[in-house]
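Heads up, run_22.txt below (compact mmCIF, N, CA and C atoms and all ligand atoms):
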```
# COMPACT_ATOMS: atom_id res chain seq x y z
N MET A 37 0.86 -1.21 0.00
CA MET A 37 0.00 0.00 0.00
C MET A 37 0.89 1.25 0.00
N ASN A 38 0.65 2.15 -0.94
CA ASN A 38 1.43 3.38 -1.00
C ASN A 38 0.59 4.57 -0.56
N PRO A 39 1.24 5.58 0.02
CA PRO A 39 0.49 6.80 0.32
C PRO A 39 -0.02 7.38 -0.99
N ARG A 40 -1.25 7.77 -1.02
CA ARG A 40 -1.77 8.35 -2.27
C ARG A 40 -3.06 9.12 -2.02
N ILE A 41 -3.32 10.03 -2.94
CA ILE A 41 -4.60 10.73 -2.94
C ILE A 41 -5.65 9.81 -3.56
N ILE A 42 -6.78 9.70 -2.91
CA ILE A 42 -7.90 8.94 -3.46
C ILE A 42 -9.04 9.92 -3.73
N ASN A 43 -9.46 9.95 -4.98
CA ASN A 43 -10.60 10.79 -5.35
C ASN A 43 -11.89 10.06 -5.02
N LEU A 44 -12.80 10.74 -4.38
CA LEU A 44 -14.07 10.14 -3.97
C LEU A 44 -15.12 10.41 -5.03
N PRO A 45 -16.15 9.57 -5.08
CA PRO A 45 -17.25 9.89 -6.00
C PRO A 45 -17.84 11.24 -5.60
N LYS A 46 -18.22 12.00 -6.62
CA LYS A 46 -18.83 13.31 -6.36
C LYS A 46 -20.11 13.36 -7.17
N ILE A 47 -21.21 13.34 -6.49
CA ILE A 47 -22.49 13.40 -7.18
C ILE A 47 -22.94 14.86 -7.19
N GLU A 48 -22.78 15.44 -8.39
CA GLU A 48 -23.09 16.87 -8.50
C GLU A 48 -24.59 17.05 -8.66
N ASP A 49 -25.09 18.07 -8.03
CA ASP A 49 -26.54 18.25 -7.96
C ASP A 49 -26.78 19.74 -7.74
N PRO A 50 -27.77 20.31 -8.41
CA PRO A 50 -28.06 21.73 -8.17
C PRO A 50 -28.38 22.01 -6.70
N ARG A 51 -28.77 20.95 -5.95
CA ARG A 51 -29.09 21.14 -4.53
C ARG A 51 -27.84 21.10 -3.65
N GLY A 52 -26.69 20.79 -4.28
CA GLY A 52 -25.45 20.66 -3.50
C GLY A 52 -24.81 19.33 -3.81
N ASN A 53 -23.49 19.25 -3.70
CA ASN A 53 -22.76 18.03 -4.06
C ASN A 53 -22.76 17.01 -2.92
N LEU A 54 -22.56 15.75 -3.31
CA LEU A 54 -22.53 14.66 -2.33
C LEU A 54 -21.34 13.76 -2.65
N SER A 55 -20.52 13.49 -1.64
CA SER A 55 -19.40 12.56 -1.82
C SER A 55 -19.54 11.41 -0.83
N ILE A 56 -18.95 10.28 -1.19
CA ILE A 56 -19.16 9.04 -0.45
C ILE A 56 -17.82 8.43 -0.06
N ILE A 57 -17.75 7.90 1.19
CA ILE A 57 -16.58 7.11 1.60
C ILE A 57 -17.11 5.82 2.20
N GLU A 58 -16.95 4.73 1.48
CA GLU A 58 -17.46 3.44 1.94
C GLU A 58 -16.28 2.47 2.10
N SER A 59 -16.25 1.79 3.26
CA SER A 59 -15.18 0.81 3.53
C SER A 59 -15.10 -0.20 2.41
N GLY A 60 -13.88 -0.47 1.95
CA GLY A 60 -13.69 -1.51 0.94
C GLY A 60 -14.06 -1.10 -0.47
N GLN A 61 -14.82 -0.01 -0.59
CA GLN A 61 -15.23 0.47 -1.92
C GLN A 61 -14.31 1.61 -2.37
N HIS A 62 -14.25 2.65 -1.54
CA HIS A 62 -13.48 3.83 -1.92
C HIS A 62 -12.17 3.91 -1.17
N ILE A 63 -12.11 3.26 0.00
CA ILE A 63 -10.85 3.19 0.74
C ILE A 63 -10.57 1.72 1.07
N PRO A 64 -9.28 1.32 1.04
CA PRO A 64 -8.94 -0.11 1.10
C PRO A 64 -8.81 -0.65 2.53
N PHE A 65 -9.72 -0.25 3.41
CA PHE A 65 -9.73 -0.84 4.75
C PHE A 65 -11.12 -0.64 5.35
N GLU A 66 -11.35 -1.39 6.43
CA GLU A 66 -12.62 -1.26 7.15
C GLU A 66 -12.48 -0.14 8.19
N ILE A 67 -13.42 0.76 8.24
CA ILE A 67 -13.34 1.89 9.17
C ILE A 67 -13.75 1.41 10.57
N LYS A 68 -12.80 1.55 11.51
CA LYS A 68 -13.08 1.15 12.90
C LYS A 68 -13.29 2.37 13.79
N ARG A 69 -12.79 3.52 13.35
CA ARG A 69 -12.81 4.70 14.22
C ARG A 69 -12.75 5.95 13.35
N THR A 70 -13.38 6.99 13.84
CA THR A 70 -13.38 8.27 13.14
C THR A 70 -13.02 9.35 14.14
N TYR A 71 -12.13 10.25 13.78
CA TYR A 71 -11.92 11.39 14.67
C TYR A 71 -11.73 12.67 13.86
N LEU A 72 -11.90 13.76 14.57
CA LEU A 72 -11.87 15.08 13.94
C LEU A 72 -10.80 15.94 14.58
N ILE A 73 -10.15 16.76 13.79
CA ILE A 73 -9.21 17.75 14.31
C ILE A 73 -9.71 19.12 13.85
N TYR A 74 -9.84 20.03 14.78
CA TYR A 74 -10.47 21.33 14.46
C TYR A 74 -10.02 22.36 15.50
N ASP A 75 -10.36 23.62 15.25
CA ASP A 75 -9.96 24.73 16.13
C ASP A 75 -8.45 24.72 16.37
N VAL A 76 -7.70 24.44 15.32
CA VAL A 76 -6.24 24.40 15.46
C VAL A 76 -5.71 25.84 15.41
N PRO A 77 -5.05 26.30 16.47
CA PRO A 77 -4.53 27.67 16.46
C PRO A 77 -3.46 27.83 15.37
N GLY A 78 -3.34 29.01 14.83
CA GLY A 78 -2.36 29.29 13.78
C GLY A 78 -0.96 28.83 14.20
N GLY A 79 -0.26 28.19 13.30
CA GLY A 79 1.13 27.80 13.54
C GLY A 79 1.30 26.47 14.25
N GLN A 80 0.20 25.85 14.71
CA GLN A 80 0.34 24.57 15.42
C GLN A 80 0.57 23.40 14.47
N VAL A 81 1.23 22.38 14.99
CA VAL A 81 1.53 21.16 14.22
C VAL A 81 0.90 19.98 14.94
N ARG A 82 0.16 19.15 14.20
CA ARG A 82 -0.41 17.91 14.75
C ARG A 82 0.39 16.73 14.24
N GLY A 83 0.34 15.67 15.03
CA GLY A 83 1.03 14.46 14.59
C GLY A 83 2.52 14.56 14.85
N GLY A 84 3.27 14.04 13.90
CA GLY A 84 4.66 13.83 14.16
C GLY A 84 4.79 12.45 14.78
N HIS A 85 4.24 11.47 14.07
CA HIS A 85 4.30 10.07 14.53
C HIS A 85 3.97 9.15 13.37
N ALA A 86 4.19 7.85 13.61
CA ALA A 86 3.77 6.81 12.67
C ALA A 86 3.01 5.77 13.48
N TYR A 87 2.31 4.90 12.78
CA TYR A 87 1.63 3.80 13.45
C TYR A 87 2.19 2.48 12.92
N ARG A 88 2.30 1.53 13.84
CA ARG A 88 2.79 0.20 13.40
C ARG A 88 1.74 -0.53 12.57
N LYS A 89 0.46 -0.38 12.95
CA LYS A 89 -0.59 -1.15 12.25
C LYS A 89 -1.65 -0.29 11.57
N GLN A 90 -1.91 0.86 12.15
CA GLN A 90 -3.05 1.66 11.70
C GLN A 90 -2.86 2.26 10.31
N VAL A 91 -3.92 2.20 9.52
CA VAL A 91 -3.99 2.87 8.22
C VAL A 91 -5.02 3.99 8.37
N GLU A 92 -4.76 5.13 7.76
CA GLU A 92 -5.67 6.27 7.90
C GLU A 92 -6.06 6.83 6.54
N PHE A 93 -7.22 7.46 6.53
CA PHE A 93 -7.63 8.24 5.37
C PHE A 93 -8.03 9.62 5.90
N ILE A 94 -7.38 10.64 5.37
CA ILE A 94 -7.52 12.00 5.90
C ILE A 94 -8.21 12.88 4.87
N VAL A 95 -9.25 13.57 5.30
CA VAL A 95 -10.02 14.44 4.39
C VAL A 95 -10.17 15.82 5.03
N SER A 96 -10.08 16.84 4.21
CA SER A 96 -10.43 18.19 4.68
C SER A 96 -11.92 18.41 4.45
N LEU A 97 -12.67 18.55 5.53
CA LEU A 97 -14.11 18.81 5.38
C LEU A 97 -14.36 20.30 5.19
N SER A 98 -13.41 21.10 5.65
CA SER A 98 -13.54 22.55 5.52
C SER A 98 -12.16 23.16 5.64
N GLY A 99 -11.91 24.24 4.94
CA GLY A 99 -10.61 24.90 5.03
C GLY A 99 -9.51 24.05 4.41
N SER A 100 -8.29 24.27 4.86
CA SER A 100 -7.15 23.58 4.26
C SER A 100 -6.06 23.34 5.29
N PHE A 101 -5.22 22.35 5.00
CA PHE A 101 -4.03 22.06 5.82
C PHE A 101 -3.10 21.19 4.98
N ASP A 102 -1.86 21.07 5.44
CA ASP A 102 -0.87 20.26 4.73
C ASP A 102 -0.56 19.01 5.55
N VAL A 103 -0.43 17.89 4.85
CA VAL A 103 -0.01 16.64 5.49
C VAL A 103 1.38 16.30 4.96
N HIS A 104 2.34 16.17 5.87
CA HIS A 104 3.71 15.80 5.52
C HIS A 104 3.86 14.31 5.78
N ILE A 105 4.29 13.57 4.79
CA ILE A 105 4.52 12.15 5.01
C ILE A 105 5.95 11.79 4.64
N ASP A 106 6.44 10.74 5.30
CA ASP A 106 7.85 10.38 5.19
C ASP A 106 7.94 8.87 5.40
N ASP A 107 8.56 8.18 4.46
CA ASP A 107 8.67 6.72 4.59
C ASP A 107 10.02 6.30 5.15
N GLY A 108 10.74 7.24 5.73
CA GLY A 108 12.06 6.94 6.29
C GLY A 108 13.17 7.31 5.34
N VAL A 109 12.81 7.48 4.05
CA VAL A 109 13.80 7.84 3.03
C VAL A 109 13.33 9.09 2.28
N ASN A 110 12.11 9.00 1.74
CA ASN A 110 11.56 10.10 0.95
C ASN A 110 10.41 10.77 1.69
N SER A 111 10.26 12.07 1.45
CA SER A 111 9.14 12.78 2.08
C SER A 111 8.36 13.55 1.01
N GLU A 112 7.13 13.83 1.34
CA GLU A 112 6.23 14.49 0.40
C GLU A 112 5.21 15.31 1.20
N ILE A 113 4.71 16.37 0.58
CA ILE A 113 3.69 17.19 1.25
C ILE A 113 2.44 17.19 0.37
N PHE A 114 1.30 16.92 1.00
CA PHE A 114 0.02 16.97 0.30
C PHE A 114 -0.82 18.07 0.93
N SER A 115 -1.35 18.96 0.09
CA SER A 115 -2.27 19.98 0.59
C SER A 115 -3.69 19.47 0.40
N LEU A 116 -4.43 19.42 1.48
CA LEU A 116 -5.82 18.96 1.40
C LEU A 116 -6.73 20.18 1.59
N ASN A 117 -7.64 20.35 0.66
CA ASN A 117 -8.50 21.53 0.75
C ASN A 117 -9.89 21.34 0.14
N ARG A 118 -10.24 20.11 -0.25
CA ARG A 118 -11.59 19.85 -0.76
C ARG A 118 -12.10 18.56 -0.13
N SER A 119 -13.45 18.40 -0.16
CA SER A 119 -14.04 17.23 0.51
C SER A 119 -14.21 16.03 -0.41
N TYR A 120 -13.87 16.16 -1.69
CA TYR A 120 -14.09 15.05 -2.61
C TYR A 120 -12.82 14.25 -2.89
N TYR A 121 -11.80 14.45 -2.07
CA TYR A 121 -10.63 13.57 -2.11
C TYR A 121 -9.96 13.55 -0.75
N GLY A 122 -9.12 12.55 -0.55
CA GLY A 122 -8.41 12.47 0.72
C GLY A 122 -7.08 11.77 0.52
N LEU A 123 -6.30 11.73 1.59
CA LEU A 123 -4.97 11.12 1.54
C LEU A 123 -4.98 9.81 2.31
N LEU A 124 -4.57 8.75 1.63
CA LEU A 124 -4.41 7.44 2.27
C LEU A 124 -3.01 7.38 2.87
N VAL A 125 -2.96 7.15 4.18
CA VAL A 125 -1.66 7.04 4.87
C VAL A 125 -1.52 5.62 5.40
N PRO A 126 -0.69 4.80 4.74
CA PRO A 126 -0.51 3.41 5.18
C PRO A 126 0.20 3.34 6.53
N LYS A 127 0.25 2.15 7.09
CA LYS A 127 1.02 1.95 8.33
C LYS A 127 2.50 2.20 8.05
N MET A 128 3.22 2.49 9.11
CA MET A 128 4.68 2.73 9.05
C MET A 128 5.05 3.87 8.09
N ILE A 129 4.25 4.92 8.14
CA ILE A 129 4.58 6.16 7.43
C ILE A 129 4.56 7.28 8.47
N TRP A 130 5.64 8.02 8.56
CA TRP A 130 5.68 9.15 9.50
C TRP A 130 4.80 10.26 8.94
N ARG A 131 3.95 10.84 9.77
CA ARG A 131 3.12 11.93 9.25
C ARG A 131 2.91 13.03 10.28
N SER A 132 2.85 14.25 9.75
CA SER A 132 2.48 15.39 10.58
C SER A 132 1.61 16.31 9.75
N MET A 133 0.87 17.18 10.43
CA MET A 133 -0.03 18.10 9.73
C MET A 133 0.21 19.51 10.25
N ASP A 134 0.24 20.46 9.32
CA ASP A 134 0.42 21.85 9.73
C ASP A 134 -0.24 22.76 8.70
N ASN A 135 0.01 24.06 8.87
CA ASN A 135 -0.52 25.05 7.94
C ASN A 135 -2.06 25.03 7.90
N PHE A 136 -2.67 24.80 9.06
CA PHE A 136 -4.14 24.77 9.14
C PHE A 136 -4.69 26.17 8.92
N SER A 137 -5.68 26.28 8.03
CA SER A 137 -6.35 27.57 7.84
C SER A 137 -7.33 27.79 8.99
N THR A 138 -7.78 29.01 9.13
CA THR A 138 -8.82 29.29 10.11
C THR A 138 -10.05 28.46 9.75
N ASN A 139 -10.67 27.86 10.73
CA ASN A 139 -11.87 27.02 10.52
C ASN A 139 -11.60 25.72 9.76
N ALA A 140 -10.33 25.30 9.67
CA ALA A 140 -10.04 24.01 9.04
C ALA A 140 -10.69 22.90 9.88
N LEU A 141 -11.27 21.95 9.18
CA LEU A 141 -11.91 20.80 9.84
C LEU A 141 -11.38 19.55 9.15
N CYS A 142 -10.67 18.74 9.92
CA CYS A 142 -9.99 17.55 9.37
C CYS A 142 -10.70 16.30 9.87
N LEU A 143 -11.08 15.45 8.93
CA LEU A 143 -11.70 14.16 9.27
C LEU A 143 -10.65 13.07 9.06
N VAL A 144 -10.49 12.20 10.07
CA VAL A 144 -9.58 11.07 9.93
C VAL A 144 -10.38 9.78 10.13
N LEU A 145 -10.31 8.92 9.13
CA LEU A 145 -10.93 7.59 9.23
C LEU A 145 -9.79 6.61 9.49
N SER A 146 -9.98 5.76 10.48
CA SER A 146 -8.89 4.87 10.89
C SER A 146 -9.29 3.40 10.79
N SER A 147 -8.30 2.58 10.51
CA SER A 147 -8.55 1.14 10.35
C SER A 147 -8.55 0.39 11.69
N THR A 148 -8.20 1.10 12.78
CA THR A 148 -8.09 0.41 14.07
C THR A 148 -8.80 1.17 15.18
N GLU A 149 -9.08 0.45 16.26
CA GLU A 149 -9.51 1.13 17.48
C GLU A 149 -8.29 1.82 18.07
N PHE A 150 -8.52 2.79 18.96
CA PHE A 150 -7.39 3.54 19.50
C PHE A 150 -6.49 2.61 20.33
N ASP A 151 -5.19 2.69 20.07
CA ASP A 151 -4.23 1.90 20.82
C ASP A 151 -2.94 2.71 20.91
N ASP A 152 -2.68 3.24 22.08
CA ASP A 152 -1.50 4.09 22.25
C ASP A 152 -0.20 3.34 21.92
N ASP A 153 -0.21 2.02 22.12
CA ASP A 153 1.00 1.22 21.85
C ASP A 153 1.30 1.09 20.36
N ASP A 154 0.33 1.46 19.52
CA ASP A 154 0.54 1.38 18.07
C ASP A 154 1.37 2.56 17.55
N TYR A 155 1.52 3.60 18.41
CA TYR A 155 2.21 4.81 17.97
C TYR A 155 3.73 4.66 18.03
N LEU A 156 4.39 5.18 17.03
CA LEU A 156 5.84 5.42 17.09
C LEU A 156 6.00 6.94 17.11
N ARG A 157 6.47 7.47 18.23
CA ARG A 157 6.54 8.92 18.38
C ARG A 157 7.97 9.47 18.30
N ASP A 158 8.91 8.55 18.13
CA ASP A 158 10.32 8.96 18.02
C ASP A 158 10.77 8.65 16.59
N TYR A 159 11.13 9.70 15.84
CA TYR A 159 11.45 9.49 14.42
C TYR A 159 12.60 8.51 14.24
N LYS A 160 13.58 8.58 15.14
CA LYS A 160 14.74 7.67 15.01
C LYS A 160 14.33 6.21 15.17
N VAL A 161 13.45 5.96 16.13
CA VAL A 161 12.96 4.59 16.36
C VAL A 161 12.16 4.13 15.15
N PHE A 162 11.30 5.04 14.64
CA PHE A 162 10.52 4.74 13.42
C PHE A 162 11.45 4.36 12.27
N ALA A 163 12.45 5.21 12.01
CA ALA A 163 13.34 4.99 10.86
C ALA A 163 14.10 3.67 11.01
N GLU A 164 14.48 3.34 12.25
CA GLU A 164 15.19 2.07 12.47
C GLU A 164 14.27 0.88 12.25
N GLU A 165 13.04 0.97 12.78
CA GLU A 165 12.08 -0.14 12.58
C GLU A 165 11.75 -0.32 11.11
N LYS A 166 11.62 0.81 10.44
CA LYS A 166 11.29 0.79 9.00
C LYS A 166 12.43 0.11 8.22
N LYS A 167 13.65 0.50 8.56
CA LYS A 167 14.82 -0.01 7.87
C LYS A 167 14.97 -1.52 8.07
N SER A 168 14.70 -1.94 9.30
CA SER A 168 14.89 -3.36 9.60
C SER A 168 13.67 -4.19 9.20
N GLY A 169 12.63 -3.49 8.70
CA GLY A 169 11.44 -4.20 8.21
C GLY A 169 10.62 -4.85 9.30
N LEU A 170 10.72 -4.31 10.53
CA LEU A 170 9.98 -4.87 11.67
C LEU A 170 8.47 -4.72 11.49
P1 LIG B 1 -2.61 12.16 18.69
O1 LIG B 1 -2.99 10.99 17.84
O2 LIG B 1 -1.21 12.21 19.20
O3 LIG B 1 -2.93 13.52 17.92
P2 LIG B 1 -2.20 14.16 16.66
O4 LIG B 1 -1.67 13.05 15.82
O5 LIG B 1 -3.23 14.95 15.96
O6 LIG B 1 -1.11 15.04 17.18
O7 LIG B 1 -3.65 12.22 19.90
C1 LIG B 1 -3.67 13.28 20.84
C2 LIG B 1 -4.23 12.73 22.16
O8 LIG B 1 -5.55 12.24 21.98
C3 LIG B 1 -3.39 11.59 22.71
O9 LIG B 1 -3.30 11.76 24.12
C4 LIG B 1 -4.23 10.35 22.43
C5 LIG B 1 -5.64 10.87 22.38
N1 LIG B 1 -6.48 10.12 21.41
C6 LIG B 1 -7.44 9.24 21.87
O10 LIG B 1 -7.64 9.06 23.08
N2 LIG B 1 -8.21 8.56 20.95
C7 LIG B 1 -8.03 8.71 19.61
O11 LIG B 1 -8.74 8.08 18.80
C8 LIG B 1 -7.02 9.62 19.14
C9 LIG B 1 -6.76 9.84 17.68
C10 LIG B 1 -6.27 10.30 20.08
```
Could I get this structure in the form of structure tokens?
Amino acid sequence: MNPRIINLPKIEDPRGNLSIIESGQHIPFEIKRTYLIYDVPGGQVRGGHAYRKQVEFIVSLSGSFDVHIDDGVNSEIFSLNRSYYGLLVPKMIWRSMDNFSTNALCLVLSSTEFDDDDYLRDYKVFAEEKKSGL
């Protein structure tokens, strides 16, 4: 699984657009948990961690923010600013989010229930585990 933007179906309608995220259909995992990030003060950074098992799909429901991802060798920045696409973040990818606009609303769909032990919060430990293929 590679980090990538996934475009969601967009049903355009004079009454307003509708987009869909269905487990196994539009994203390649079953959704176990959903959380929101919002009211982020200017200049703040979220994340700065990787997960051993968890896969995420991140969507901007309102406003914009940047997601930085890093596989231990290469890094990339994705700007999310529309609700009809999102970023798939596989397990063992370092990620952080910043550059939140005022009123940015971030939706995260997760493949796992919350488990603090799944987090890698030290980049050096992450890079070593990644390198050794743990
Ligand atoms: P964290 O995942 O570190 O936030 P971010 O990646 O945006 O910086 O979570 C922040 C705190 O919230 C941390 O103490 C764990 C807690 N938390 C839960 O209890 N349940 C959850 O589903 C999530 C995502 C976080």
Closest-contact table, chain A side, partner ligand LIG 1 (chain B), 5 Å, counting all atoms listed in the file, as a tab-separated table:
```
residue	atom	partner	partner_atom	distance
A:Arg82	C	B:LIG1	O6	3.7
A:Gly83	N	B:LIG1	O6	2.7
A:Phe150	CA	B:LIG1	O11	4.8
```
For segment 97-102 of chain A: contacts at 8 Å, all atoms listed in the file, fewer than 3 positions along chain excluded, given as a PyMOL selection string: chain A and resi 94+105+113-120+132-143
Output as a tab-separated table one row per residue of segment 78-130 of chain A within 6 Å of segment 40-62 of chain A: the closest atom pair and its distance in Å to one decimal place, counting only N, CA and C atoms, sorted by chain and residue number ascending.
```
residue	atom	partner	partner_atom	distance
A:Tyr120	C	A:Leu44	N	3.8
A:Tyr121	CA	A:Leu44	N	4.2
A:Gly122	C	A:Ile42	N	4.0
A:Leu123	CA	A:Arg40	C	4.5
A:Leu124	N	A:Arg40	C	4.0
A:Val125	N	A:Arg40	N	5.5
```
Length of the atom C of Ala163 of chain A to atom C of Leu145 of chain A vector [Å]: 24.1 Å
Among listed residues A:Gly108, A:Pro39, A:Ile129, A:Gly169, nearest Tyr87 of chain A (using only N, CA and C atoms): A:Ile129
Filtered DSSP result for segment 41-161 of chain A, state helix (DSSP H, G or I), as a VMD selection string: chain A and resid 152 to 154 159 to 161
Please produce a file of the residues just selected, as a short mmCIF file (atom, residue, chain, number, x, y, z; two decimals), keeping the file's coordinate frame, where the atoms kept are N, CA and C atoms.
```
data_model
loop_
_atom_site.label_atom_id
_atom_site.label_comp_id
_atom_site.auth_asym_id
_atom_site.auth_seq_id
_atom_site.Cartn_x
_atom_site.Cartn_y
_atom_site.Cartn_z
N ASP A 152 -2.68 3.24 22.08
CA ASP A 152 -1.50 4.09 22.25
C ASP A 152 -0.20 3.34 21.92
N ASP A 153 -0.21 2.02 22.12
CA ASP A 153 1.00 1.22 21.85
C ASP A 153 1.30 1.09 20.36
N ASP A 154 0.33 1.46 19.52
CA ASP A 154 0.54 1.38 18.07
C ASP A 154 1.37 2.56 17.55
N TYR A 159 11.13 9.70 15.84
CA TYR A 159 11.45 9.49 14.42
C TYR A 159 12.60 8.51 14.24
N LYS A 160 13.58 8.58 15.14
CA LYS A 160 14.74 7.67 15.01
C LYS A 160 14.33 6.21 15.17
N VAL A 161 13.45 5.96 16.13
CA VAL A 161 12.96 4.59 16.36
C VAL A 161 12.16 4.13 15.15
#
```
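The interatomic distance for the pair atom CA of Ser96 of chain A and atom N of Met37 of chain A works out to 22.9 Å.
Atom CA of Phe65 of chain A lies 17.4 Å from atom CA of Ala86 of chain A.
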Residue set, chain A restricted to strand (DSSP E or B), as number ranges by chain: A: 40-43, 46-47, 54-55, 59, 63, 69-74, 82-87, 92-98, 101-106, 111-116, 121-125, 130-134, 141-146, 155-156
Name the residues within 9 Å of (-9.5, 6.0, 9.6), counting only C-alpha atoms in the file's coordinates, and put them as a short mmCIF file (atom, residue, chain, number, x, y, z; two decimals) with N, CA and C atoms, in the frame of the given file.
```
data_model
loop_
_atom_site.label_atom_id
_atom_site.label_comp_id
_atom_site.auth_asym_id
_atom_site.auth_seq_id
_atom_site.Cartn_x
_atom_site.Cartn_y
_atom_site.Cartn_z
N PHE A 65 -9.72 -0.25 3.41
CA PHE A 65 -9.73 -0.84 4.75
C PHE A 65 -11.12 -0.64 5.35
N GLU A 66 -11.35 -1.39 6.43
CA GLU A 66 -12.62 -1.26 7.15
C GLU A 66 -12.48 -0.14 8.19
N ILE A 67 -13.42 0.76 8.24
CA ILE A 67 -13.34 1.89 9.17
C ILE A 67 -13.75 1.41 10.57
N LYS A 68 -12.80 1.55 11.51
CA LYS A 68 -13.08 1.15 12.90
C LYS A 68 -13.29 2.37 13.79
N ARG A 69 -12.79 3.52 13.35
CA ARG A 69 -12.81 4.70 14.22
C ARG A 69 -12.75 5.95 13.35
N THR A 70 -13.38 6.99 13.84
CA THR A 70 -13.38 8.27 13.14
C THR A 70 -13.02 9.35 14.14
N TYR A 71 -12.13 10.25 13.78
CA TYR A 71 -11.92 11.39 14.67
C TYR A 71 -11.73 12.67 13.86
N GLN A 90 -1.91 0.86 12.15
CA GLN A 90 -3.05 1.66 11.70
C GLN A 90 -2.86 2.26 10.31
N VAL A 91 -3.92 2.20 9.52
CA VAL A 91 -3.99 2.87 8.22
C VAL A 91 -5.02 3.99 8.37
N GLU A 92 -4.76 5.13 7.76
CA GLU A 92 -5.67 6.27 7.90
C GLU A 92 -6.06 6.83 6.54
N PHE A 93 -7.22 7.46 6.53
CA PHE A 93 -7.63 8.24 5.37
C PHE A 93 -8.03 9.62 5.90
N ILE A 94 -7.38 10.64 5.37
CA ILE A 94 -7.52 12.00 5.90
C ILE A 94 -8.21 12.88 4.87
N LEU A 143 -11.08 15.45 8.93
CA LEU A 143 -11.70 14.16 9.27
C LEU A 143 -10.65 13.07 9.06
N VAL A 144 -10.49 12.20 10.07
CA VAL A 144 -9.58 11.07 9.93
C VAL A 144 -10.38 9.78 10.13
N LEU A 145 -10.31 8.92 9.13
CA LEU A 145 -10.93 7.59 9.23
C LEU A 145 -9.79 6.61 9.49
N SER A 146 -9.98 5.76 10.48
CA SER A 146 -8.89 4.87 10.89
C SER A 146 -9.29 3.40 10.79
N SER A 147 -8.30 2.58 10.51
CA SER A 147 -8.55 1.14 10.35
C SER A 147 -8.55 0.39 11.69
N THR A 148 -8.20 1.10 12.78
CA THR A 148 -8.09 0.41 14.07
C THR A 148 -8.80 1.17 15.18
#
```
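Around Met128 of chain A, within 8 Å and counting only C-alpha atoms, the residues found are Ala86, Tyr87, Arg88, Lys89, Asp107, Phe162 and Lys166 of chain A, once anything fewer than 6 positions away on its own chain is removed.
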